[in-house]
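A.B. asks: What follows is my_file-v5.csv, made up of CSV, C-alpha atoms (C1' of nucleotides):
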chain,number,residue,atom,x,y,z
A,300,MET,CA,6.6,90.4,-52.8
A,301,ILE,CA,3.9,88.4,-54.5
A,302,PHE,CA,0.3,88.4,-53.4
A,303,ARG,CA,-2.0,85.5,-53.8
A,304,LEU,CA,-5.7,85.8,-53.2
A,305,SER,CA,-8.0,82.9,-52.5
A,306,HIS,CA,-11.5,83.9,-53.7
A,307,SER,CA,-13.0,80.7,-52.4
A,308,SER,CA,-11.8,80.8,-48.8
A,309,GLY,CA,-14.5,83.3,-47.8
A,310,ILE,CA,-11.9,85.4,-46.1
A,311,PRO,CA,-12.3,89.1,-47.1
A,312,VAL,CA,-9.8,90.3,-49.7
A,313,TYR,CA,-8.6,93.2,-47.5
A,314,LEU,CA,-7.9,90.8,-44.6
A,315,GLN,CA,-5.9,88.4,-46.9
A,316,LEU,CA,-3.8,91.4,-48.0
A,317,MET,CA,-3.2,92.5,-44.4
A,318,GLN,CA,-2.2,89.0,-43.4
A,319,GLN,CA,0.2,88.6,-46.2
A,320,ILE,CA,1.9,92.0,-45.7
A,321,ARG,CA,2.1,91.5,-41.9
A,322,HIS,CA,3.6,88.0,-42.5
A,323,GLY,CA,6.1,89.5,-44.9
A,324,VAL,CA,7.1,92.0,-42.4
A,325,GLU,CA,7.3,89.6,-39.5
A,326,THR,CA,9.5,87.2,-41.5
A,327,GLY,CA,11.7,89.9,-42.8
A,328,ALA,CA,10.6,89.5,-46.4
A,329,LEU,CA,9.5,93.1,-46.3
A,330,ARG,CA,12.0,95.5,-44.8
A,331,ALA,CA,11.4,98.9,-43.1
A,332,GLY,CA,11.2,101.8,-45.7
A,333,GLU,CA,10.7,99.4,-48.6
A,334,LYS,CA,8.2,100.6,-51.2
A,335,LEU,CA,5.0,98.7,-51.5
A,336,PRO,CA,2.9,98.5,-54.7
A,337,THR,CA,0.7,101.5,-55.5
A,338,ILE,CA,-2.9,101.2,-54.5
A,339,ARG,CA,-4.1,101.2,-58.1
A,340,LYS,CA,-1.3,99.0,-59.4
A,341,LEU,CA,-2.0,96.4,-56.8
A,342,ALA,CA,-5.8,96.7,-57.3
A,343,GLU,CA,-5.3,96.2,-61.0
A,344,GLU,CA,-3.0,93.3,-60.5
A,345,LEU,CA,-5.4,91.5,-58.1
A,346,VAL,CA,-8.5,92.6,-60.1
A,347,VAL,CA,-10.2,94.2,-57.2
A,348,ASN,CA,-11.5,97.7,-56.5
A,349,PRO,CA,-8.8,100.2,-55.3
A,350,ASN,CA,-10.8,100.8,-52.2
A,351,THR,CA,-10.2,97.2,-51.1
A,352,VAL,CA,-6.5,97.7,-51.2
A,353,VAL,CA,-7.0,101.1,-49.5
A,354,ARG,CA,-8.7,99.4,-46.6
A,355,ALA,CA,-5.9,97.0,-46.1
A,356,TYR,CA,-3.2,99.7,-46.3
A,357,ARG,CA,-5.2,102.0,-44.1
A,358,GLU,CA,-5.7,99.5,-41.3
A,359,LEU,CA,-2.0,98.5,-41.5
A,360,GLN,CA,-1.1,102.2,-41.3
A,361,HIS,CA,-3.0,102.5,-38.0
A,362,GLU,CA,-0.9,99.6,-36.7
A,363,GLY,CA,2.3,101.3,-37.8
A,364,VAL,CA,3.1,98.6,-40.3
A,365,VAL,CA,2.5,100.7,-43.4
A,366,ASP,CA,3.3,104.3,-44.1
A,367,LEU,CA,1.1,106.1,-46.7
A,368,ARG,CA,2.4,109.3,-48.4
A,369,GLN,CA,-0.1,111.1,-50.6
A,370,GLY,CA,1.3,111.6,-54.1
A,371,SER,CA,4.2,109.3,-53.4
A,372,GLY,CA,3.1,105.8,-52.5
A,373,ALA,CA,2.9,103.2,-49.8
A,374,TYR,CA,6.0,102.1,-47.8
A,375,VAL,CA,6.8,99.6,-45.0
A,376,GLY,CA,6.8,101.4,-41.7
A,377,GLN,CA,10.1,102.3,-39.9
A,378,SER,CA,9.0,100.7,-36.7
A,379,VAL,CA,8.8,97.1,-38.0
A,380,SER,CA,12.4,96.1,-37.8
A,381,GLU,CA,12.7,95.5,-34.1
A,382,ARG,CA,9.3,93.9,-34.2
A,383,THR,CA,10.6,91.4,-36.8
A,384,ARG,CA,13.2,90.2,-34.4
A,385,VAL,CA,10.7,89.8,-31.5
A,386,MET,CA,8.3,87.9,-33.7
A,387,ALA,CA,11.0,85.6,-35.0
A,388,LYS,CA,11.9,84.7,-31.5
A,389,ALA,CA,8.2,84.2,-30.6
A,390,ALA,CA,7.8,82.0,-33.6
A,391,ARG,CA,10.7,79.8,-32.5
A,392,LEU,CA,8.9,79.5,-29.2
A,393,VAL,CA,5.5,78.7,-30.6
A,394,GLY,CA,6.4,76.4,-33.5
A,395,PRO,CA,7.3,73.3,-31.4
A,396,VAL,CA,4.2,73.7,-29.2
A,397,ILE,CA,1.9,73.8,-32.2
A,398,GLN,CA,3.5,70.6,-33.5
A,399,ARG,CA,3.1,68.9,-30.1
A,400,LEU,CA,-0.6,69.9,-30.0
A,401,ARG,CA,-1.1,68.3,-33.4
A,402,GLU,CA,0.6,65.2,-32.2
A,403,LEU,CA,-1.9,65.1,-29.3
A,404,GLY,CA,-4.6,65.0,-32.0
A,405,LEU,CA,-5.9,68.5,-31.7
A,406,THR,CA,-7.5,70.1,-34.8
A,407,GLU,CA,-6.7,73.6,-35.9
A,408,GLU,CA,-10.0,74.8,-34.5
A,409,GLU,CA,-9.3,73.2,-31.2
A,410,ILE,CA,-5.9,74.8,-31.1
A,411,ARG,CA,-7.5,78.2,-31.8
A,412,ARG,CA,-10.0,77.7,-29.0
A,413,LEU,CA,-7.3,76.6,-26.6
A,414,ILE,CA,-5.4,79.8,-27.3
A,415,GLU,CA,-8.5,81.9,-26.9
A,416,ASN,CA,-9.2,80.2,-23.5
A,417,GLU,CA,-5.6,80.8,-22.4
A,418,LEU,CA,-5.7,84.4,-23.5
A,419,ALA,CA,-8.9,85.0,-21.6
A,420,ALA,CA,-7.5,83.2,-18.5
A,421,ALA,CA,-4.3,85.1,-18.6
A,422,GLN,CA,-6.3,88.3,-18.8
A,423,ARG,CA,-8.4,87.3,-15.8
A,424,ASP,CA,-5.2,86.6,-13.8
A,425,GLN,CA,-3.8,90.0,-14.7
A,426,GLN,CA,-7.0,91.7,-13.5
A,427,THR,CA,-7.5,89.7,-10.3
A,428,GLU,CA,-3.9,89.2,-9.3
A,429,PRO,CA,-1.9,92.4,-10.2
A,430,ALA,CA,1.7,91.9,-9.4
B,266,MET,CA,-23.5,75.9,-15.4
B,267,ILE,CA,-24.2,79.6,-15.7
B,268,PHE,CA,-24.2,81.4,-19.0
B,269,ARG,CA,-23.1,85.0,-19.4
B,270,LEU,CA,-23.8,86.9,-22.6
B,271,SER,CA,-22.1,90.1,-23.6
B,272,HIS,CA,-24.4,92.0,-25.8
B,273,SER,CA,-21.8,94.7,-26.6
B,274,SER,CA,-18.9,92.5,-27.7
B,275,GLY,CA,-20.3,92.1,-31.2
B,276,ILE,CA,-19.7,88.4,-31.0
B,277,PRO,CA,-22.9,86.6,-32.1
B,278,VAL,CA,-24.9,85.1,-29.2
B,279,TYR,CA,-24.9,81.6,-30.6
B,280,LEU,CA,-21.1,81.7,-30.8
B,281,GLN,CA,-20.8,82.9,-27.3
B,282,LEU,CA,-23.0,80.0,-26.2
B,283,MET,CA,-20.9,77.5,-28.1
B,284,GLN,CA,-17.7,78.8,-26.6
B,285,GLN,CA,-19.0,78.6,-23.1
B,286,ILE,CA,-20.4,75.1,-23.5
B,287,ARG,CA,-17.2,73.9,-25.1
B,288,HIS,CA,-15.1,75.6,-22.4
B,289,GLY,CA,-17.2,73.9,-19.8
B,290,VAL,CA,-16.7,70.6,-21.4
B,291,GLU,CA,-13.0,71.0,-21.9
B,292,THR,CA,-12.5,72.1,-18.3
B,293,GLY,CA,-14.6,69.3,-16.9
B,294,ALA,CA,-17.3,71.6,-15.6
B,295,LEU,CA,-19.8,69.8,-17.9
B,296,ARG,CA,-19.5,66.0,-17.9
B,297,ALA,CA,-20.6,63.5,-20.4
B,298,GLY,CA,-24.3,62.6,-20.3
B,299,GLU,CA,-25.1,65.6,-18.1
B,300,LYS,CA,-28.3,67.3,-19.1
B,301,LEU,CA,-28.1,70.8,-20.6
B,302,PRO,CA,-30.9,73.4,-20.2
B,303,THR,CA,-33.9,73.0,-22.5
B,304,ILE,CA,-33.8,75.1,-25.7
B,305,ARG,CA,-36.8,77.2,-24.6
B,306,LYS,CA,-35.7,77.4,-21.0
B,307,LEU,CA,-32.3,78.7,-21.9
B,308,ALA,CA,-33.7,81.0,-24.5
B,309,GLU,CA,-36.1,82.5,-22.0
B,310,GLU,CA,-33.3,82.8,-19.4
B,311,LEU,CA,-31.1,84.6,-21.8
B,312,VAL,CA,-33.9,86.6,-23.4
B,313,VAL,CA,-33.1,85.5,-26.9
B,314,ASN,CA,-35.1,83.6,-29.6
B,315,PRO,CA,-35.1,79.8,-29.2
B,316,ASN,CA,-33.6,79.5,-32.6
B,317,THR,CA,-30.5,81.2,-31.4
B,318,VAL,CA,-30.0,78.5,-28.8
B,319,VAL,CA,-30.9,75.9,-31.4
B,320,ARG,CA,-28.2,77.1,-33.6
B,321,ALA,CA,-25.6,76.8,-30.9
B,322,TYR,CA,-26.8,73.3,-29.8
B,323,ARG,CA,-27.0,72.1,-33.4
B,324,GLU,CA,-23.5,73.1,-34.4
B,325,LEU,CA,-22.2,71.6,-31.2
B,326,GLN,CA,-24.1,68.4,-32.0
B,327,HIS,CA,-22.3,68.2,-35.3
B,328,GLU,CA,-19.1,68.4,-33.4
B,329,GLY,CA,-20.2,65.6,-31.1
B,330,VAL,CA,-20.2,67.8,-28.1
B,331,VAL,CA,-23.9,67.9,-27.6
B,332,ASP,CA,-26.5,65.2,-28.0
B,333,LEU,CA,-30.0,66.4,-28.9
B,334,ARG,CA,-33.0,64.0,-28.3
B,335,GLN,CA,-36.3,65.1,-29.5
B,336,GLY,CA,-39.0,65.3,-26.8
B,337,SER,CA,-36.4,64.7,-24.2
B,338,GLY,CA,-33.8,67.4,-24.1
B,339,ALA,CA,-30.1,68.3,-24.8
B,340,TYR,CA,-27.3,66.4,-23.2
B,341,VAL,CA,-23.5,66.6,-23.1
B,342,GLY,CA,-22.1,64.1,-25.7
B,343,GLN,CA,-20.6,60.9,-24.5
B,344,SER,CA,-17.4,61.3,-26.5
B,345,VAL,CA,-16.2,64.4,-24.6
B,346,SER,CA,-14.7,62.7,-21.5
B,347,GLU,CA,-11.4,61.6,-23.1
B,348,ARG,CA,-11.2,64.9,-24.9
B,349,THR,CA,-11.3,66.7,-21.6
B,350,ARG,CA,-8.1,65.0,-20.5
B,351,VAL,CA,-6.3,65.8,-23.7
B,352,MET,CA,-7.4,69.4,-23.6
B,353,ALA,CA,-6.3,69.8,-20.0
B,354,LYS,CA,-2.9,68.5,-20.9
B,355,ALA,CA,-2.7,70.8,-23.9
B,356,ALA,CA,-3.7,73.7,-21.7
B,357,ARG,CA,-0.9,73.0,-19.3
B,358,LEU,CA,1.4,73.0,-22.4
B,359,VAL,CA,0.1,76.2,-23.8
B,360,GLY,CA,-0.4,78.4,-20.7
B,361,PRO,CA,3.2,79.1,-20.0
B,362,VAL,CA,4.0,79.9,-23.6
B,363,ILE,CA,1.2,82.4,-23.8
B,364,GLN,CA,2.5,84.1,-20.7
B,365,ARG,CA,6.0,84.2,-22.1
B,366,LEU,CA,4.7,85.8,-25.3
B,367,ARG,CA,3.0,88.5,-23.3
B,368,GLU,CA,6.2,89.1,-21.5
B,369,LEU,CA,7.9,89.6,-24.9
B,370,GLY,CA,5.4,92.4,-25.4
B,371,LEU,CA,3.1,90.7,-27.9
B,372,THR,CA,-0.5,91.8,-28.0
B,373,GLU,CA,-3.4,89.3,-28.1
B,374,GLU,CA,-3.9,90.1,-31.8
B,375,GLU,CA,-0.2,89.4,-32.5
B,376,ILE,CA,-0.4,86.2,-30.6
B,377,ARG,CA,-3.4,85.1,-32.7
B,378,ARG,CA,-1.6,86.0,-35.9
B,379,LEU,CA,1.5,84.1,-34.8
B,380,ILE,CA,-0.6,81.0,-34.2
B,381,GLU,CA,-2.2,81.3,-37.6
B,382,ASN,CA,1.2,81.6,-39.3
B,383,GLU,CA,2.5,78.6,-37.4
B,384,LEU,CA,-0.6,76.6,-38.2
B,385,ALA,CA,-0.3,77.4,-41.9
B,386,ALA,CA,3.4,76.7,-41.8
B,387,ALA,CA,2.9,73.3,-40.1
B,388,GLN,CA,0.3,72.5,-42.8
B,389,ARG,CA,2.7,73.3,-45.5
B,390,ASP,CA,5.3,71.1,-44.0
B,391,GLN,CA,2.8,68.2,-43.7
B,392,GLN,CA,2.0,68.6,-47.4
B,393,THR,CA,5.5,69.1,-48.8
B,394,GLU,CA,7.3,66.7,-46.5
B,395,PRO,CA,5.1,63.7,-45.7
B,396,ALA,CA,6.9,61.3,-43.3
C,248,DT,C1',-54.3,57.2,-24.4
C,249,DA,C1',-54.0,62.2,-23.7
C,250,DT,C1',-51.5,66.2,-22.9
C,251,DA,C1',-47.6,68.7,-22.0
C,252,DT,C1',-42.9,69.2,-23.2
C,253,DT,C1',-39.2,68.8,-26.2
C,254,DG,C1',-36.5,69.2,-30.5
C,255,DT,C1',-37.2,70.2,-35.9
C,256,DG,C1',-37.8,72.8,-40.0
C,257,DC,C1',-38.9,76.5,-42.8
C,258,DT,C1',-39.4,81.5,-43.9
C,259,DA,C1',-38.4,86.2,-43.4
C,260,DG,C1',-36.6,90.5,-41.7
C,261,DA,C1',-32.9,93.5,-40.0
C,262,DA,C1',-28.3,94.7,-39.5
C,263,DG,C1',-23.6,94.7,-40.8
C,264,DA,C1',-19.6,93.8,-43.6
C,265,DG,C1',-17.3,94.0,-47.9
C,266,DT,C1',-16.7,95.8,-52.2
C,267,DA,C1',-17.4,99.0,-56.0
C,268,DG,C1',-17.9,103.7,-58.2
C,269,DC,C1',-16.4,108.3,-58.6
C,270,DA,C1',-14.7,112.9,-57.6
C,271,DC,C1',-11.1,115.5,-54.9
C,272,DA,C1',-6.4,116.8,-53.0
C,273,DA,C1',-1.5,116.5,-52.6
C,274,DT,C1',2.8,115.3,-54.4
C,275,DT,C1',6.1,114.2,-57.9
C,276,DA,C1',8.7,115.0,-62.0
C,277,DA,C1',9.2,116.8,-66.5
D,66,DT,C1',4.3,125.7,-64.2
D,67,DT,C1',1.9,121.6,-65.8
D,68,DA,C1',0.6,117.0,-66.4
D,69,DA,C1',0.7,112.6,-64.5
D,70,DT,C1',0.6,109.8,-60.5
D,71,DT,C1',-0.6,109.0,-55.9
D,72,DG,C1',-3.4,108.8,-51.7
D,73,DT,C1',-8.1,110.6,-49.7
D,74,DG,C1',-13.0,110.7,-48.8
D,75,DC,C1',-17.6,110.0,-49.6
D,76,DT,C1',-21.7,107.4,-51.2
D,77,DA,C1',-24.2,103.4,-52.4
D,78,DC,C1',-25.1,98.7,-53.7
D,79,DT,C1',-24.9,93.7,-52.7
D,80,DC,C1',-24.3,89.8,-50.2
D,81,DT,C1',-24.0,87.3,-46.0
D,82,DT,C1',-24.8,86.7,-41.3
D,83,DC,C1',-27.6,86.7,-37.3
D,84,DT,C1',-31.8,86.7,-35.1
D,85,DA,C1',-36.8,86.3,-34.8
D,86,DG,C1',-41.5,84.2,-35.8
D,87,DC,C1',-44.3,80.4,-36.2
D,88,DA,C1',-46.0,75.8,-37.3
D,89,DC,C1',-44.8,70.7,-37.1
D,90,DA,C1',-43.1,66.1,-35.2
D,91,DA,C1',-41.4,63.1,-31.8
D,92,DT,C1',-41.0,61.9,-27.0
D,93,DA,C1',-42.1,61.7,-22.1
D,94,DT,C1',-45.2,61.1,-18.5
D,95,DA,C1',-49.4,60.8,-16.1
The structure in this file should be written as structure tokens.

C.D. replies:
Amino acid sequence: MIFRLSHSSGIPVYLQLMQQIRHGVETGALRAGEKLPTIRKLAEELVVNPNTVVRAYRELQHEGVVDLRQGSGAYVGQSVSERTRVMAKAARLVGPVIQRLRELGLTEEEIRRLIENELAAAQRDQQTEPA
Amino acid sequence: MIFRLSHSSGIPVYLQLMQQIRHGVETGALRAGEKLPTIRKLAEELVVNPNTVVRAYRELQHEGVVDLRQGSGAYVGQSVSERTRVMAKAARLVGPVIQRLRELGLTEEEIRRLIENELAAAQRDQQTEPA
DNA sequence: TATATTGTGCTAGAAGAGTAGCACAATTAA
DNA sequence: TTAATTGTGCTACTCTTCTAGCACAATATA
């Protein structure tokens, strides 16, 4: 897997790393148990401080996406394989809707807001109308 | 319109204000031309610095959602009425999908990432395969 | 016109996020 | 066992973001 950092986007490096690894996992490009680059190796390759890579790996570890083994290295978590299938299904569900929203003239920001509103609304429904 | 601030959410006050005003506009609760609270009035009501309200109003002005008139006050922009209809339609489109995603077991964060991935993918398609 | 009310603009301080630096501990492999 | 490699943990610096403070300019209204 190849990592590409945008230094001008303003998005923190550790977040960019997390996104790319998660995306790799959710598309199947990274498979469960597969070895990830060493913290120092990746830091050297991307010309950032090892701690920046650590932060990305660590947070992904908390999500169960990455498995860190001291003295050994970083690996893709075992629990991701079924998640990959679910996410692929979800992507097929969402893709056309996004395209339709674009056709309606919504900008990316408007789409994001719309999602946030719907997420909040759904949560309200869950709280006020428990099945 | 009533504004509610969460001081513990960590979300900046000016962003919370922007979200609520936009949401009001997109749901039709705030109509084009309607007068919004004065900067100082709203600041006093929410117990924040007027500049915090200014920031929210100003950014919304740049988006065309708010119309600021010196010496007069703040008003809902004229361009929002047609937007409201489009957004309502979009919401009807998105709502069921969000619910389906939740049924699939996706968390809010996973849904947000999925959207981001699809937005990025759609953008790539637009660039590489222009109609 | 006069006065109050409104938005405008600039400066600064406080807090938080992000990254870097460096030493330590566990594992691996020879 | 020993040396190299790996993740771990702590501290500190820097930069950005967010909010506050205060004076100014334009408008409304009597």

A.B. asks: Would you please work out which residue, of A:Arg368, A:Lys334, A:Arg303, A:Arg321, is nearest to chain C when using only C-alpha atoms (C1' of nucleotides)?

C.D. replies: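 For chain C, the nearest of the given residues is A:Arg368.
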
A.B. asks: Under the rule that only C-alpha atoms (C1' of nucleotides) are counted, which of D:DC78, D:DA88, D:DA68, D:DC83 is the nearest residue to chain B?

C.D. replies: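 The answer is D:DC83, which sits nearest to chain B.
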
A.B. asks: Please report as a list of chain:residue names which residues of chain D come no farther than 10 Å from chain A, using only C-alpha atoms (C1' of nucleotides).

C.D. replies: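 The answer, sorted by residue number, is D:DT70, D:DT71, D:DG72, D:DT73.
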
A.B. asks: Please measure the separation of atom CA of Phe268 of chain B and atom CA of Gln285 of chain B, giving the value in Å to one decimal.

C.D. replies: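 Those two atoms sit 7.2 Å apart.
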
A.B. asks: Within 7 Å of chain B, which residues of chain A are there when counting all atoms listed in the file? Please give them as a PDB file with C-alpha atoms, in the coordinates of the input.

C.D. replies:
ATOM      1  CA  ALA A 389       8.200  84.200 -30.600  1.00  0.00           C
ATOM      2  CA  ALA A 390       7.800  82.000 -33.600  1.00  0.00           C
ATOM      3  CA  GLY A 394       6.400  76.400 -33.500  1.00  0.00           C
ATOM      4  CA  LEU A 400      -0.600  69.900 -30.000  1.00  0.00           C
ATOM      5  CA  LEU A 413      -7.300  76.600 -26.600  1.00  0.00           C
ATOM      6  CA  GLU A 417      -5.600  80.800 -22.400  1.00  0.00           C
TER       7      GLU A 417
END

A.B. asks: At a cut-off of 12 Å, can you tabulate as CSV every residue of chain A near chain C together with its closest atom pair and the distance in Å to one decimal, using all atoms listed in the file and ordering rows by chain then number?

C.D. replies:
residue,atom,partner,partner_atom,distance
A:Gly309,CA,C:DG265,C1',11.1
A:Ile310,CA,C:DG265,C1',10.3
A:Pro311,CA,C:DG265,C1',7.0
A:Val312,CA,C:DG265,C1',8.6
A:Tyr313,CA,C:DG265,C1',8.7
A:Leu314,CA,C:DG265,C1',10.5
A:Ala342,CA,C:DA267,C1',11.9
A:Val346,CA,C:DA267,C1',11.7
A:Val347,CA,C:DT266,C1',8.4
A:Asn348,CA,C:DA267,C1',6.1
A:Pro349,CA,C:DA267,C1',8.7
A:Asn350,CA,C:DT266,C1',7.7
A:Thr351,CA,C:DT266,C1',6.7
A:Val352,CA,C:DT266,C1',10.4
A:Val353,CA,C:DT266,C1',11.4
A:Arg354,CA,C:DG265,C1',10.2
A:Ala355,CA,C:DG265,C1',11.9
A:Arg368,CA,C:DT274,C1',8.5
A:Gln369,CA,C:DA273,C1',5.9
A:Gly370,CA,C:DT274,C1',4.0
A:Ser371,CA,C:DT274,C1',6.2
A:Gly372,CA,C:DT274,C1',9.7

A.B. asks: For atom CA of Val341 of chain B and atom CA of Leu295 of chain B, determine how far apart the two atoms are, in Å to one decimal place.

C.D. replies: 7.1 Å

A.B. asks: Please, what distance in Å, to one decimal, runs between atom CA of Leu316 of chain A and atom CA of Gln360 of chain A?

C.D. replies: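 Computing the Euclidean distance for atom CA of Leu316 of chain A and atom CA of Gln360 of chain A yields 13.0 Å.
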
A.B. asks: With all atoms listed in the file as the basis for distance, which of B:Arg350, B:Asp390, B:Gln343, B:Met283 is at the shortest distance from Leu270 of chain B?

C.D. replies: B:Met283

A.B. asks: Taking the partial coordinates given, rebuild segment 319-331 of chain A to contain N, CA and C atoms; return it as a PDB file, in the coordinates of the input.

C.D. replies:
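Once written, part_24.pdb looks like this:
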ATOM      1  N   GLN A 319      -0.945  88.914 -45.407  1.00  0.00           N
ATOM      2  CA  GLN A 319       0.200  88.600 -46.200  1.00  0.00           C
ATOM      3  C   GLN A 319       1.319  89.687 -46.001  1.00  0.00           C
ATOM      4  N   ILE A 320       0.886  90.933 -45.892  1.00  0.00           N
ATOM      5  CA  ILE A 320       1.900  92.000 -45.700  1.00  0.00           C
ATOM      6  C   ILE A 320       2.479  91.873 -44.283  1.00  0.00           C
ATOM      7  N   ARG A 321       1.618  91.632 -43.302  1.00  0.00           N
ATOM      8  CA  ARG A 321       2.100  91.500 -41.900  1.00  0.00           C
ATOM      9  C   ARG A 321       3.089  90.288 -41.858  1.00  0.00           C
ATOM     10  N   HIS A 322       2.703  89.212 -42.523  1.00  0.00           N
ATOM     11  CA  HIS A 322       3.600  88.000 -42.500  1.00  0.00           C
ATOM     12  C   HIS A 322       4.903  88.341 -43.160  1.00  0.00           C
ATOM     13  N   GLY A 323       4.834  89.070 -44.259  1.00  0.00           N
ATOM     14  CA  GLY A 323       6.100  89.500 -44.900  1.00  0.00           C
ATOM     15  C   GLY A 323       6.955  90.292 -44.029  1.00  0.00           C
ATOM     16  N   VAL A 324       6.333  91.193 -43.286  1.00  0.00           N
ATOM     17  CA  VAL A 324       7.100  92.000 -42.400  1.00  0.00           C
ATOM     18  C   VAL A 324       7.701  91.228 -41.240  1.00  0.00           C
ATOM     19  N   GLU A 325       6.896  90.327 -40.691  1.00  0.00           N
ATOM     20  CA  GLU A 325       7.300  89.600 -39.500  1.00  0.00           C
ATOM     21  C   GLU A 325       8.392  88.538 -39.848  1.00  0.00           C
ATOM     22  N   THR A 326       8.466  88.137 -41.096  1.00  0.00           N
ATOM     23  CA  THR A 326       9.500  87.200 -41.500  1.00  0.00           C
ATOM     24  C   THR A 326      10.711  87.883 -42.086  1.00  0.00           C
ATOM     25  N   GLY A 327      10.603  89.202 -42.273  1.00  0.00           N
ATOM     26  CA  GLY A 327      11.700  89.900 -42.800  1.00  0.00           C
ATOM     27  C   GLY A 327      11.714  90.033 -44.340  1.00  0.00           C
ATOM     28  N   ALA A 328      10.728  89.463 -44.967  1.00  0.00           N
ATOM     29  CA  ALA A 328      10.600  89.500 -46.400  1.00  0.00           C
ATOM     30  C   ALA A 328      10.372  90.976 -46.875  1.00  0.00           C
ATOM     31  N   LEU A 329       9.679  91.718 -46.025  1.00  0.00           N
ATOM     32  CA  LEU A 329       9.500  93.100 -46.300  1.00  0.00           C
ATOM     33  C   LEU A 329      10.237  93.937 -45.233  1.00  0.00           C
ATOM     34  N   ARG A 330      11.113  94.820 -45.694  1.00  0.00           N
ATOM     35  CA  ARG A 330      12.000  95.500 -44.800  1.00  0.00           C
ATOM     36  C   ARG A 330      11.493  96.995 -44.594  1.00  0.00           C
ATOM     37  N   ALA A 331      11.805  97.578 -43.454  1.00  0.00           N
ATOM     38  CA  ALA A 331      11.400  98.900 -43.100  1.00  0.00           C
ATOM     39  C   ALA A 331      11.806  99.908 -44.231  1.00  0.00           C
TER      40      ALA A 331
END
